[in-house]
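*Asks:* mmCIF, C-alpha atoms (C1' of nucleotides), saved as start_30.cif, coming up:
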```cif
data_data
#
loop_
_atom_site.group_PDB
_atom_site.id
_atom_site.type_symbol
_atom_site.label_atom_id
_atom_site.label_comp_id
_atom_site.auth_asym_id
_atom_site.auth_seq_id
_atom_site.Cartn_x
_atom_site.Cartn_y
_atom_site.Cartn_z
ATOM 1 C CA MET G 261 0.000 0.000 0.000
ATOM 2 C CA ASP G 262 2.995 2.205 -0.131
ATOM 3 C CA THR G 263 2.620 4.282 -3.222
ATOM 4 C CA SER G 264 4.322 7.310 -1.722
ATOM 5 C CA LEU G 265 6.849 9.298 -3.644
ATOM 6 C CA ALA G 266 9.458 8.442 -1.057
ATOM 7 C CA SER G 267 9.295 4.766 -1.883
ATOM 8 C CA LEU G 268 9.502 5.525 -5.564
ATOM 9 C CA ASN G 269 12.871 7.001 -4.882
ATOM 10 C CA GLY G 270 14.079 3.914 -3.150
ATOM 11 C CA PHE G 271 14.465 5.870 0.021
ATOM 12 C CA GLY G 272 11.698 5.581 2.536
ATOM 13 C CA PHE G 273 11.315 8.233 5.183
ATOM 14 C CA THR G 274 8.848 5.919 6.807
ATOM 15 C CA ASP G 275 8.782 6.730 10.490
ATOM 16 C CA GLY G 276 10.379 10.063 11.237
ATOM 17 C CA VAL G 277 11.469 12.302 8.443
ATOM 18 C CA LEU G 278 14.948 12.323 9.852
ATOM 19 C CA PRO G 279 16.533 11.749 13.220
ATOM 20 C CA SER G 280 16.773 15.203 14.721
ATOM 21 C CA ALA G 281 20.552 15.457 14.849
ATOM 22 C CA CYS G 282 21.973 13.434 11.987
ATOM 23 C CA PRO G 283 24.522 14.286 9.302
ATOM 24 C CA THR G 284 21.724 14.578 6.784
ATOM 25 C CA ARG G 285 20.174 17.472 8.663
ATOM 26 C CA ILE G 286 23.516 19.254 8.757
ATOM 27 C CA VAL G 287 24.201 18.882 5.060
ATOM 28 C CA LEU G 288 20.605 19.724 4.255
ATOM 29 C CA ASN G 289 20.892 22.987 6.148
ATOM 30 C CA HIS G 290 24.076 23.867 4.298
ATOM 31 C CA VAL G 291 22.662 23.114 0.892
ATOM 32 C CA THR G 292 19.263 24.680 1.452
ATOM 33 C CA SER G 293 20.665 27.718 3.193
ATOM 34 C CA THR G 294 19.523 31.022 1.774
ATOM 35 C CA TRP G 295 22.642 31.560 -0.284
ATOM 36 C CA GLY G 296 23.882 27.997 -0.593
ATOM 37 C CA VAL G 297 21.460 27.088 -3.343
ATOM 38 C CA LEU G 298 22.124 30.256 -5.294
ATOM 39 C CA VAL G 299 25.898 29.910 -5.112
ATOM 40 C CA LEU G 300 25.750 26.293 -6.210
ATOM 41 C CA VAL G 301 23.494 27.162 -9.113
ATOM 42 C CA ALA G 302 25.755 30.029 -10.097
ATOM 43 C CA LEU G 303 28.761 27.721 -10.183
ATOM 44 C CA SER G 304 26.881 25.019 -12.070
ATOM 45 C CA GLN G 305 27.372 26.969 -15.262
ATOM 46 C CA SER G 306 31.084 27.486 -14.955
ATOM 47 C CA GLY G 307 33.787 28.290 -12.475
ATOM 48 C CA LEU G 308 33.717 31.870 -11.288
ATOM 49 C CA ARG G 309 36.016 34.291 -9.555
ATOM 50 C CA TRP G 310 35.119 35.915 -6.254
ATOM 51 C CA GLY G 311 34.025 39.146 -7.854
ATOM 52 C CA GLU G 312 32.044 37.402 -10.562
ATOM 53 C CA LEU G 313 30.311 35.292 -7.983
ATOM 54 C CA ARG G 314 29.461 38.357 -5.972
ATOM 55 C CA ARG G 315 27.886 39.999 -8.992
ATOM 56 C CA THR G 316 26.158 36.865 -10.198
ATOM 57 C CA VAL G 317 24.450 36.084 -6.925
ATOM 58 C CA GLN G 318 22.633 39.368 -6.659
ATOM 59 C CA GLY G 319 22.065 40.723 -3.201
ATOM 60 C CA ILE G 320 24.626 38.629 -1.382
ATOM 61 C CA SER G 321 26.911 40.469 0.995
ATOM 62 C CA GLU G 322 30.642 39.825 1.079
ATOM 63 C CA LYS G 323 30.318 38.292 4.483
ATOM 64 C CA MET G 324 27.653 35.829 3.442
ATOM 65 C CA LEU G 325 29.479 34.949 0.253
ATOM 66 C CA ALA G 326 32.656 34.181 2.166
ATOM 67 C CA GLN G 327 30.793 32.185 4.779
ATOM 68 C CA THR G 328 28.760 30.244 2.253
ATOM 69 C CA LEU G 329 31.808 29.434 0.179
ATOM 70 C CA ARG G 330 33.753 28.231 3.204
ATOM 71 C CA THR G 331 30.911 25.947 4.220
ATOM 72 C CA LEU G 332 30.447 24.537 0.737
ATOM 73 C CA GLU G 333 34.179 24.054 0.376
ATOM 74 C CA ALA G 334 34.375 22.252 3.717
ATOM 75 C CA ASP G 335 31.574 19.967 2.569
ATOM 76 C CA GLY G 336 33.500 19.187 -0.587
ATOM 77 C CA PHE G 337 31.033 20.752 -2.987
ATOM 78 C CA VAL G 338 33.213 23.632 -4.066
ATOM 79 C CA LEU G 339 36.856 23.804 -5.059
ATOM 80 C CA ARG G 340 38.824 26.941 -4.234
ATOM 81 C CA THR G 341 41.841 27.709 -6.411
ATOM 82 C CA ALA G 342 43.967 30.631 -5.301
ATOM 83 C CA GLN G 343 46.765 32.078 -7.399
ATOM 84 C CA PRO G 344 49.338 34.042 -5.402
ATOM 85 C CA THR G 345 49.639 36.768 -7.989
ATOM 86 C CA ILE G 346 49.361 40.527 -7.662
ATOM 87 C CA PRO G 347 46.520 41.248 -7.711
ATOM 88 C CA PRO G 348 45.328 37.926 -6.302
ATOM 89 C CA ARG G 349 43.051 35.723 -8.326
ATOM 90 C CA VAL G 350 40.801 33.113 -6.765
ATOM 91 C CA ASP G 351 38.574 30.797 -8.726
ATOM 92 C CA TYR G 352 35.690 28.769 -7.415
ATOM 93 C CA SER G 353 34.255 25.761 -9.159
ATOM 94 C CA LEU G 354 32.185 22.708 -8.397
ATOM 95 C CA THR G 355 33.849 19.476 -7.402
ATOM 96 C CA ASP G 356 32.573 16.189 -8.770
ATOM 97 C CA ARG G 357 30.462 15.893 -5.688
ATOM 98 C CA GLY G 358 29.200 19.413 -6.179
ATOM 99 C CA ARG G 359 28.204 18.662 -9.748
ATOM 100 C CA ASP G 360 26.473 15.544 -8.546
ATOM 101 C CA LEU G 361 24.491 17.617 -6.108
ATOM 102 C CA THR G 362 23.520 20.344 -8.536
ATOM 103 C CA GLU G 363 22.224 17.702 -10.898
ATOM 104 C CA HIS G 364 19.490 17.223 -8.347
ATOM 105 C CA LEU G 365 19.251 20.865 -7.437
ATOM 106 C CA LEU G 366 18.746 22.355 -10.878
ATOM 107 C CA PRO G 367 15.517 20.525 -11.719
ATOM 108 C CA LEU G 368 14.099 21.788 -8.453
ATOM 109 C CA MET G 369 15.219 25.316 -9.174
ATOM 110 C CA SER G 370 13.783 25.170 -12.660
ATOM 111 C CA TRP G 371 10.451 23.988 -11.354
ATOM 112 C CA ILE G 372 10.305 26.725 -8.762
ATOM 113 C CA ALA G 373 11.331 29.367 -11.271
ATOM 114 C CA ALA G 374 8.675 28.150 -13.675
ATOM 115 C CA ASN G 375 5.920 28.129 -11.075
ATOM 116 C CA ALA G 376 6.885 31.005 -8.814
ATOM 117 C CA ASP G 377 4.648 33.568 -10.483
ATOM 118 C CA ASP G 378 1.554 31.422 -10.062
ATOM 119 C CA ILE G 379 2.393 30.623 -6.483
ATOM 120 C CA VAL G 380 3.094 34.108 -5.258
ATOM 121 C CA GLY G 381 0.221 35.575 -7.202
ATOM 122 C CA ALA G 382 -2.218 33.132 -5.682
ATOM 123 C CA ASP G 383 -2.513 34.900 -2.361
ATOM 124 C CA ALA G 384 -0.265 37.961 -2.590
ATOM 125 C CA GLU G 385 2.042 36.408 -0.021
ATOM 126 C CA GLN G 386 3.067 37.646 3.406
ATOM 127 C CA ALA G 387 4.658 40.679 1.800
ATOM 128 C CA SER G 388 1.316 42.380 1.579
ATOM 129 C CA ALA G 389 -0.329 40.270 4.245
ATOM 130 C CA ALA G 390 2.070 41.673 6.807
ATOM 131 C CA VAL G 391 0.481 45.064 6.292
ATOM 132 C CA ARG G 392 -2.722 44.219 8.090
ATOM 133 C CA PRO G 393 -2.816 44.757 11.835
ATOM 134 C CA MET R 1329 30.082 25.285 -25.844
ATOM 135 C CA ASP R 1330 27.389 25.343 -23.266
ATOM 136 C CA THR R 1331 27.494 21.987 -21.631
ATOM 137 C CA SER R 1332 26.425 23.287 -18.245
ATOM 138 C CA LEU R 1333 23.884 21.467 -16.186
ATOM 139 C CA ALA R 1334 21.623 24.467 -16.350
ATOM 140 C CA SER R 1335 21.252 24.184 -20.083
ATOM 141 C CA LEU R 1336 20.611 20.467 -19.815
ATOM 142 C CA ASN R 1337 17.561 21.310 -17.817
ATOM 143 C CA GLY R 1338 16.285 23.648 -20.404
ATOM 144 C CA PHE R 1339 16.524 26.489 -17.992
ATOM 145 C CA GLY R 1340 19.526 28.727 -18.277
ATOM 146 C CA PHE R 1341 20.537 30.896 -15.353
ATOM 147 C CA THR R 1342 22.892 32.590 -17.741
ATOM 148 C CA ASP R 1343 23.554 36.062 -16.436
ATOM 149 C CA GLY R 1344 22.546 36.448 -12.826
ATOM 150 C CA VAL R 1345 21.376 33.469 -10.877
ATOM 151 C CA LEU R 1346 18.150 35.264 -10.158
ATOM 152 C CA PRO R 1347 17.033 38.861 -9.977
ATOM 153 C CA SER R 1348 17.421 39.816 -6.348
ATOM 154 C CA ALA R 1349 13.759 40.354 -5.567
ATOM 155 C CA CYS R 1350 11.723 38.038 -7.743
ATOM 156 C CA PRO R 1351 8.940 35.585 -6.932
ATOM 157 C CA THR R 1352 11.362 32.730 -7.414
ATOM 158 C CA ARG R 1353 13.495 33.924 -4.522
ATOM 159 C CA ILE R 1354 10.454 34.130 -2.298
ATOM 160 C CA VAL R 1355 9.210 30.656 -3.090
ATOM 161 C CA LEU R 1356 12.718 29.302 -2.884
ATOM 162 C CA ASN R 1357 13.092 30.650 0.617
ATOM 163 C CA HIS R 1358 9.814 29.087 1.663
ATOM 164 C CA VAL R 1359 10.617 25.706 0.251
ATOM 165 C CA THR R 1360 14.218 25.588 1.384
ATOM 166 C CA SER R 1361 13.465 26.978 4.802
ATOM 167 C CA THR R 1362 14.768 24.953 7.696
ATOM 168 C CA TRP R 1363 11.502 23.161 8.297
ATOM 169 C CA GLY R 1364 9.823 23.581 4.931
ATOM 170 C CA VAL R 1365 11.684 20.750 3.295
ATOM 171 C CA LEU R 1366 11.136 18.406 6.201
ATOM 172 C CA VAL R 1367 7.418 19.108 6.434
ATOM 173 C CA LEU R 1368 6.971 18.602 2.710
ATOM 174 C CA VAL R 1369 8.872 15.336 2.829
ATOM 175 C CA ALA R 1370 6.845 14.200 5.806
ATOM 176 C CA LEU R 1371 3.601 14.858 3.954
ATOM 177 C CA SER R 1372 4.857 13.219 0.783
ATOM 178 C CA GLN R 1373 4.124 9.845 2.290
ATOM 179 C CA SER R 1374 0.563 10.534 3.354
ATOM 180 C CA GLY R 1375 -1.613 13.172 4.896
ATOM 181 C CA LEU R 1376 -0.946 13.705 8.576
ATOM 182 C CA ARG R 1377 -2.659 15.285 11.529
ATOM 183 C CA TRP R 1378 -1.098 18.126 13.488
ATOM 184 C CA GLY R 1379 0.146 15.866 16.251
ATOM 185 C CA GLU R 1380 1.483 13.290 13.848
ATOM 186 C CA LEU R 1381 3.296 15.947 11.910
ATOM 187 C CA ARG R 1382 4.791 17.306 15.096
ATOM 188 C CA ARG R 1383 6.118 13.894 16.018
ATOM 189 C CA THR R 1384 7.273 13.023 12.527
ATOM 190 C CA VAL R 1385 9.308 16.150 11.996
ATOM 191 C CA GLN R 1386 11.532 15.632 14.994
ATOM 192 C CA GLY R 1387 12.737 18.718 16.749
ATOM 193 C CA ILE R 1388 10.219 21.164 15.327
ATOM 194 C CA SER R 1389 8.485 23.459 17.795
ATOM 195 C CA GLU R 1390 4.772 24.138 17.672
ATOM 196 C CA LYS R 1391 5.445 27.676 16.638
ATOM 197 C CA MET R 1392 7.631 26.728 13.718
ATOM 198 C CA LEU R 1393 5.270 23.971 12.642
ATOM 199 C CA ALA R 1394 2.340 26.369 12.620
ATOM 200 C CA GLN R 1395 4.325 29.017 10.811
ATOM 201 C CA THR R 1396 5.713 26.605 8.243
ATOM 202 C CA LEU R 1397 2.304 25.097 7.582
ATOM 203 C CA ARG R 1398 0.713 28.500 7.117
ATOM 204 C CA THR R 1399 3.370 29.503 4.627
ATOM 205 C CA LEU R 1400 3.149 26.273 2.679
ATOM 206 C CA GLU R 1401 -0.628 26.465 2.684
ATOM 207 C CA ALA R 1402 -0.542 30.043 1.427
ATOM 208 C CA ASP R 1403 1.766 28.934 -1.364
ATOM 209 C CA GLY R 1404 -0.668 26.225 -2.306
ATOM 210 C CA PHE R 1405 1.590 23.314 -1.489
ATOM 211 C CA VAL R 1406 -0.360 22.067 1.486
ATOM 212 C CA LEU R 1407 -4.067 21.523 2.011
ATOM 213 C CA ARG R 1408 -5.518 22.053 5.460
ATOM 214 C CA THR R 1409 -8.688 20.189 6.321
ATOM 215 C CA ALA R 1410 -10.285 21.084 9.631
ATOM 216 C CA GLN R 1411 -13.181 19.137 11.109
ATOM 217 C CA PRO R 1412 -15.197 21.068 13.678
ATOM 218 C CA THR R 1413 -15.534 18.124 16.005
ATOM 219 C CA ILE R 1414 -14.748 17.849 19.702
ATOM 220 C CA PRO R 1415 -11.888 17.340 20.015
ATOM 221 C CA PRO R 1416 -10.982 19.086 16.770
ATOM 222 C CA ARG R 1417 -9.245 17.170 14.037
ATOM 223 C CA VAL R 1418 -7.106 18.831 11.428
ATOM 224 C CA ASP R 1419 -5.461 17.010 8.568
ATOM 225 C CA TYR R 1420 -2.692 18.256 6.361
ATOM 226 C CA SER R 1421 -1.873 16.865 2.955
ATOM 227 C CA LEU R 1422 -0.101 17.845 -0.201
ATOM 228 C CA THR R 1423 -1.980 19.558 -2.985
ATOM 229 C CA ASP R 1424 -1.317 18.588 -6.584
ATOM 230 C CA ARG R 1425 1.176 21.404 -6.723
ATOM 231 C CA GLY R 1426 2.778 20.187 -3.523
ATOM 232 C CA ARG R 1427 3.123 16.691 -4.910
ATOM 233 C CA ASP R 1428 4.629 18.136 -8.036
ATOM 234 C CA LEU R 1429 7.189 19.954 -5.939
ATOM 235 C CA THR R 1430 8.125 17.006 -3.755
ATOM 236 C CA GLU R 1431 8.727 14.969 -6.862
ATOM 237 C CA HIS R 1432 11.726 17.216 -7.364
ATOM 238 C CA LEU R 1433 12.533 17.477 -3.695
ATOM 239 C CA LEU R 1434 12.717 13.804 -2.795
ATOM 240 C CA PRO R 1435 15.542 12.865 -5.170
ATOM 241 C CA LEU R 1436 17.563 15.684 -3.679
ATOM 242 C CA MET R 1437 16.791 14.532 -0.156
ATOM 243 C CA SER R 1438 17.683 10.974 -1.023
ATOM 244 C CA TRP R 1439 20.995 12.045 -2.471
ATOM 245 C CA ILE R 1440 21.841 14.111 0.566
ATOM 246 C CA ALA R 1441 20.822 11.354 2.936
ATOM 247 C CA ALA R 1442 22.940 8.874 1.006
ATOM 248 C CA ASN R 1443 26.006 11.103 0.968
ATOM 249 C CA ALA R 1444 25.725 12.950 4.258
ATOM 250 C CA ASP R 1445 28.009 10.641 6.206
ATOM 251 C CA ASP R 1446 30.839 11.022 3.732
ATOM 252 C CA ILE R 1447 30.411 14.758 3.581
ATOM 253 C CA VAL R 1448 30.320 15.456 7.279
ATOM 254 C CA GLY R 1449 33.061 12.952 8.002
ATOM 255 C CA ALA R 1450 35.384 14.589 5.498
ATOM 256 C CA ASP R 1451 36.323 17.489 7.709
ATOM 257 C CA ALA R 1452 34.457 16.934 10.984
ATOM 258 C CA GLU R 1453 32.354 20.009 10.243
ATOM 259 C CA GLN R 1454 31.743 23.035 12.363
ATOM 260 C CA ALA R 1455 30.275 20.891 15.103
ATOM 261 C CA SER R 1456 33.695 19.930 16.365
ATOM 262 C CA ALA R 1457 35.498 22.807 14.725
ATOM 263 C CA ALA R 1458 33.585 25.203 16.921
ATOM 264 C CA VAL R 1459 35.358 23.761 19.942
ATOM 265 C CA ARG R 1460 38.716 25.267 19.142
ATOM 266 C CA PRO R 1461 39.423 28.791 20.364
ATOM 267 C "C1'" DC X 355 -6.606 18.463 20.406
ATOM 268 C "C1'" DG X 356 -5.077 22.179 17.624
ATOM 269 C "C1'" DG X 357 -3.798 26.053 17.561
ATOM 270 C "C1'" DA X 358 -2.765 31.634 18.372
ATOM 271 C "C1'" DA X 359 -0.337 35.218 20.999
ATOM 272 C "C1'" DT X 360 3.267 36.896 23.805
ATOM 273 C "C1'" DC X 361 7.896 37.447 25.536
ATOM 274 C "C1'" DC X 362 12.703 36.999 25.135
ATOM 275 C "C1'" DG X 363 17.556 35.254 24.218
ATOM 276 C "C1'" DT X 364 20.425 33.800 20.569
ATOM 277 C "C1'" DA X 365 22.228 33.571 16.216
ATOM 278 C "C1'" DA X 366 22.094 34.884 11.466
ATOM 279 C "C1'" DT X 367 22.648 38.737 8.462
ATOM 280 C "C1'" DG X 368 24.044 43.012 6.281
ATOM 281 C "C1'" DA X 369 26.529 47.650 5.787
ATOM 282 C "C1'" DT X 370 30.764 49.574 6.461
ATOM 283 C "C1'" DA X 371 35.579 49.984 6.987
ATOM 284 C "C1'" DC X 372 40.026 48.045 6.772
ATOM 285 C "C1'" DT X 373 44.044 44.824 5.192
ATOM 286 C "C1'" DG X 374 47.431 41.867 2.337
ATOM 287 C "C1'" DC W 141 41.180 41.751 -6.157
ATOM 288 C "C1'" DA W 142 39.938 39.005 -2.447
ATOM 289 C "C1'" DG W 143 38.937 38.861 1.460
ATOM 290 C "C1'" DT W 144 38.627 39.846 7.109
ATOM 291 C "C1'" DA W 145 36.909 42.619 11.201
ATOM 292 C "C1'" DT W 146 33.607 45.192 13.553
ATOM 293 C "C1'" DC W 147 29.220 46.537 14.747
ATOM 294 C "C1'" DA W 148 24.066 47.429 14.405
ATOM 295 C "C1'" DT W 149 19.991 45.093 13.145
ATOM 296 C "C1'" DT W 150 16.898 41.683 12.472
ATOM 297 C "C1'" DA W 151 14.649 37.426 12.351
ATOM 298 C "C1'" DC W 152 14.654 32.939 14.024
ATOM 299 C "C1'" DG W 153 13.293 29.890 17.309
ATOM 300 C "C1'" DG W 154 11.816 28.202 22.007
ATOM 301 C "C1'" DA W 155 9.056 28.368 26.263
ATOM 302 C "C1'" DT W 156 5.008 29.765 28.124
ATOM 303 C "C1'" DT W 157 0.253 30.963 28.359
ATOM 304 C "C1'" DC W 158 -4.399 31.159 26.812
ATOM 305 C "C1'" DC W 159 -8.451 30.117 23.660
ATOM 306 C "C1'" DG W 160 -12.089 27.385 20.913
#
```
Output the file's structure as structure tokens, nothing else.

*Replies:*
Amino acid sequence: MDTSLASLNGFGFTDGVLPSACPTRIVLNHVTSTWGVLVLVALSQSGLRWGELRRTVQGISEKMLAQTLRTLEADGFVLRTAQPTIPPRVDYSLTDRGRDLTEHLLPLMSWIAANADDIVGADAEQASAAVRP
Amino acid sequence: MDTSLASLNGFGFTDGVLPSACPTRIVLNHVTSTWGVLVLVALSQSGLRWGELRRTVQGISEKMLAQTLRTLEADGFVLRTAQPTIPPRVDYSLTDRGRDLTEHLLPLMSWIAANADDIVGADAEQASAAVRP
DNA sequence: CGGAATCCGTAATGATACTG
DNA sequence: CAGTATCATTACGGATTCCG
């Protein structure tokens, strides 16, 4: 009787979704962090330099970019290549693991991008809802 | 020369990843919020009552569960069915749109769950790194 | 049982300034 | 250019309390 989507993926989240403090939760929070997704998507097209990344991921602050990149690098999703030249040049690109991840991430992003207008338009969102007392 | 993953998905994020304040960002933040993903995954198996949901998504507080559910309902991902009985009974389930979304979400979750141990083990993560002065 | 409302501490975030 | 450091702000999240 299990026709759930979870079973279709060969991975059943049958009792709890996830144990509260497991590695999966940690990685999930890194990947689905506000800027994590956007940085990964940005790098999925090609390697980028710090400045390019900053411009590509619109709205990100230097602090958040640095922090996000350090986290993603520590997780082995992003490769940092620094050249000790003057001026310095640092490139960021996806590792094999990072590419593996974005393969799953991009379809999700595409779906959201394709449906976002419908979704937000449906109820005007909290943006305007927050106006009421 | 465009062999990027983005193009393979028929959706190119070619210049910026996303305009800084677009509907996609909003929906993305809802879906990838800390508890959003977990609630959606929990409901992907079957509809659940409030209490069941609370137990299934381990670690979530009532406040966050309520808030997450309201957001997901407003976005049309979740259907809320209240029965005015005593005691009250409220069921939550995915809408068609919600099921559509989780179809993209579950593969990602499965991948993360399958790789999380490797990833976290690779550098011991901030959990232990935070110990050092 | 299923919430909504309040208070409050912590941690995330962002603007700015500064350094190698 | 590629960051780091500092500080002000905000929002997240939990515990508690009350209501239908």

*Asks:* Spell out the residues picked by the PyMOL selection byres ((chain G) within 12 of (chain X)) here, as a PDB file with C-alpha atoms, in the coordinates of the input.

*Replies:*
```pdb
ATOM      1  CA  SER G 293      20.665  27.718   3.193  1.00  0.00           C
ATOM      2  CA  THR G 294      19.523  31.022   1.774  1.00  0.00           C
ATOM      3  CA  TRP G 295      22.642  31.560  -0.284  1.00  0.00           C
ATOM      4  CA  GLY G 319      22.065  40.723  -3.201  1.00  0.00           C
ATOM      5  CA  ILE G 320      24.626  38.629  -1.382  1.00  0.00           C
ATOM      6  CA  SER G 321      26.911  40.469   0.995  1.00  0.00           C
ATOM      7  CA  GLU G 322      30.642  39.825   1.079  1.00  0.00           C
ATOM      8  CA  LYS G 323      30.318  38.292   4.483  1.00  0.00           C
ATOM      9  CA  MET G 324      27.653  35.829   3.442  1.00  0.00           C
ATOM     10  CA  LEU G 325      29.479  34.949   0.253  1.00  0.00           C
ATOM     11  CA  GLN G 327      30.793  32.185   4.779  1.00  0.00           C
ATOM     12  CA  PRO G 344      49.338  34.042  -5.402  1.00  0.00           C
ATOM     13  CA  THR G 345      49.639  36.768  -7.989  1.00  0.00           C
ATOM     14  CA  ILE G 346      49.361  40.527  -7.662  1.00  0.00           C
ATOM     15  CA  PRO G 347      46.520  41.248  -7.711  1.00  0.00           C
ATOM     16  CA  PRO G 348      45.328  37.926  -6.302  1.00  0.00           C
TER      17      PRO G 348
END
```

*Asks:* Name the residues that the PyMOL selection byres ((chain R) within 6 of (chain G)) picks from the file above, as a PyMOL selection string, using the file's chain letters and numbers.

*Replies:* chain R and resi 1332+1344-1345+1348+1351-1352+1360+1370+1373+1384-1387+1403+1432+1436+1441+1444-1445+1447

*Asks:* Find the residues of chain W in contact range of chain R, meaning any atom within 10 Å when counting only C-alpha atoms (C1' of nucleotides), and list them as a list in words.

*Replies:*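 Interface list for chain W against chain R: DC152, DG153, DG154, DA155 and DG160 of chain W.
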
*Asks:* Find the distance between CA of Val1418 in chain R and C1' of DC158 in chain W and write it in Å to one decimal.

*Replies:* 19.9 Å

*Asks:* Quick one: which residues end up in the PyMOL selection byres ((chain R and resi 1421) around 6) for this structure, as number ranges by chain?

*Replies:* R: 1371, 1375, 1406-1407, 1420, 1422

*Asks:* Now that the selection is made, can you save its residues with C-alpha atoms as a compact mmCIF listing (two decimals), keeping the file's coordinate frame?

*Replies:*
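Listing of out_28.txt after writing:
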```
# COMPACT_ATOMS: atom_id res chain seq x y z
CA LEU R 1371 3.60 14.86 3.95
CA GLY R 1375 -1.61 13.17 4.90
CA VAL R 1406 -0.36 22.07 1.49
CA LEU R 1407 -4.07 21.52 2.01
CA TYR R 1420 -2.69 18.26 6.36
CA LEU R 1422 -0.10 17.84 -0.20
```

*Asks:* By how many Å are C1' of DT157 in chain W and CA of Arg1408 in chain R apart?

*Replies:*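 For C1' of DT157 in chain W relative to CA of Arg1408 in chain R, the distance reads 25.2 Å.
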
*Asks:* Would you mind reading off the distance between CA of Arg349 in chain G and CA of Thr328 in chain G, one decimal, in Å?

*Replies:*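 Result for CA of Arg349 in chain G versus CA of Thr328 in chain G: 18.6 Å, one decimal.
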
*Asks:* For range 1419-1436 of chain R, what centre and edge lengths in Å (one decimal) does the axis-aligned box get once 3 Å is added on each side of all its listed atoms, as lines of an AutoDock Vina configuration file?

*Replies:*
```
center_x = 6.1
center_y = 17.1
center_z = 0.3
size_x = 29.0
size_y = 14.5
size_z = 22.6
```
